[in-house]
Amino acid sequence: MAVLLWKKLLERSQAISKGGKDLAKRIIPCLDVKEGRVVKGMEFADLKDVGDPVELASFYDKAGADELVFLDITASYEKRETVIELVRRTARQLSIPLTVGGGISDLNQIGNLLKAGADKVSLGTSAVKNPSLVNEAASTFGRQCIVVAIDAKCSEDGKGWEVYTHGGRSATGLSAVNWARELEERGAGEILLTSMDRDGSQDGYDLELTAAVSEAVNIPVIASGGAGSLEHFWLVLTRGKSEAALAASVFHSQTFTIMQVKEYLAAKGVEVRLP
C-alpha cells in the first residue's frame with residue numbers, strides 16, 4: 001500500500017510540476033486543531049470541541065478520504081510552532097497523504113513536519129509576511145510538498161476578495177486572485193482557498209471566489225468553507241472549477257459520509273476515486 005501511495009503522489013506531483021491538474025476530484029476532510037483537540041465553528045469563531053485528531057484521522061482514512069488536512073488554527077496567532085508529536089501520532093494512522101499547517105515560518109519547521117510524517121505543508125500567514133519563503137520551500141522540498149492557504153473575505157466594495165492572516169484576524173489589503181497568481185509563480189504546488197464568509201455556514205461554497213482563483217492559476221485549488229449538502233460538492237467541483245473540496249462540519253457530524261459524497265459525484269459524471 002505504501003508503494004502504491006507514493007506512486008500516486010509522484011504521478012500527481014509530476015503533473016503539478018508541469019502545470020497540470022489531477023483528473024480525479026478529491027474529497028478532503030479537515031481537522032481544525034486547537035490545544036490538541038479538533039474544533040469547529042462558524043466564520044472562524046464560536047469553536048466547539050468535536051474530537052481527538054488521532055482518532056478522527058484513523059476514521060477518515062478508513063472512510064475513503066483522498067487526503068487529510070491538519071490545521072493548527074491558533075499557532076500563527078499565538079506565535080508558536082505546530083505541535084510535532086501530535087502530527088507524528090496522526091500521520092501514523094494514515095495511508096493517505098497528510099497536509100499540515102499552522103505556525104510554519106521557516107524551512108527547518110517544514111523539514112521537521114515532513115520528517116514527522118506530513119506529506120505536504122500548508123503556509124498561510126508566513127507566506128504573506130515573507131513571500132520568499134514559498135520560493136525557498138519549493139526549491140528545497142519540491143513544489144508538490146508546498147500548499148499555500150488563502151483565507152479570503154469579500155471586499156467591502158463587493159468587487160473582489162481580500163486575503164486575511166492570523167486565523168482570519170488580520171486584513172492584508174491583498175487581492176486573493178492576484179495573490180494566488182503570485183504564489184504559483186513563486187512555486188506553490190496547490191492553493192487551499194477558504195471563504196471566510198461561508199466558513200461553517202453550510203450554505204454552500206463561494207462559487208464565484210473559487211472559480212475566479214481556479215481560472216487565474218494552473219495549479220490545483222482546494223475549495224473550503226460552506227459545505228452543507230451533496231450538491232454543494234458537485235457545484236464547487238464543476239462550476240467552481242476546483243480540483244478538490246475540503247469540508248469539516250458535515251463529516252464530523254456525519255451528516256453524510258465521504259463515500260456518499262463520492263457516489264453522488266460519480267453518478268453526476270464527476271471523476272472520483274472509488275474503492
# chains A, B, ... in the order shown; residues from 1 in each chain; ligands from 1
$ residues_around --residues "Lys115 in chain A" --least-positions-apart "6" --cutoff "10 Å" --atoms "only C-alpha atoms" --output "number ranges by chain"
A: 84, 88, 109
$ write_last_selection --atoms "N, CA and C atoms" --output "compact mmCIF listing (two decimals), in the first residue's frame"
# COMPACT_ATOMS: atom_id res chain seq x y z
N ILE A 84 4.57 19.03 16.94
CA ILE A 84 5.15 17.97 16.13
C ILE A 84 4.68 16.58 16.56
N ARG A 88 2.91 13.64 14.38
CA ARG A 88 3.51 12.31 14.22
C ARG A 88 2.50 11.22 14.55
N GLN A 109 11.26 24.18 10.22
CA GLN A 109 9.97 23.66 10.66
C GLN A 109 9.32 22.79 9.59
$ residues_around --residues "range 132-149 of chain A" --least-positions-apart "2" --cutoff "6 Å" --atoms "only C-alpha atoms" --output "number ranges by chain"
A: 13, 120-124, 130, 186-193
$ closest_residue --among "A:Leu183, A:Lys40, A:Leu230, A:Cys154" --to "Gln260 in chain A" --atoms "only C-alpha atoms"
A:Leu230
$ select_by_dssp --residues "range 33-274 of chain A" --states "helix (DSSP H, G or I)" --output "PyMOL selection string"
chain A and resi 53-62+84-91+107-115+125-129+132-141+143-145+176-186+207-216+230-238+249-252+258-267
$ closest_residue --among "A:Val213, A:Leu68, A:Leu98, A:Val54" --to "Ile28 in chain A" --atoms "only C-alpha atoms"
A:Leu68
$ closest_residue --among "A:Tyr264, A:Phe256, A:Trp179, A:Phe70" --to "Arg89 in chain A" --atoms "only C-alpha atoms"
A:Phe70
$ closest_residue --among "A:Gly101, A:Pro29, A:Gly228, A:Gly160" --to "Ala63 in chain A" --atoms "only C-alpha atoms"
A:Pro29
$ atom_distance --atom1 "CA of Ser105 in chain A" --atom2 "CA of Glu243 in chain A"
26.5 Å
$ closest_residue --among "A:Glu156, A:Thr165, A:Leu235, A:Val250" --to "Ala127 in chain A" --atoms "only C-alpha atoms"
A:Thr165
$ atom_distance --atom1 "CA of Pro275 in chain A" --atom2 "CA of Val236 in chain A"
22.8 Å
$ closest_residue --among "A:Asn108, A:Ser175, A:Asn218, A:Thr99" --to "Asp32 in chain A" --atoms "only C-alpha atoms"
A:Thr99
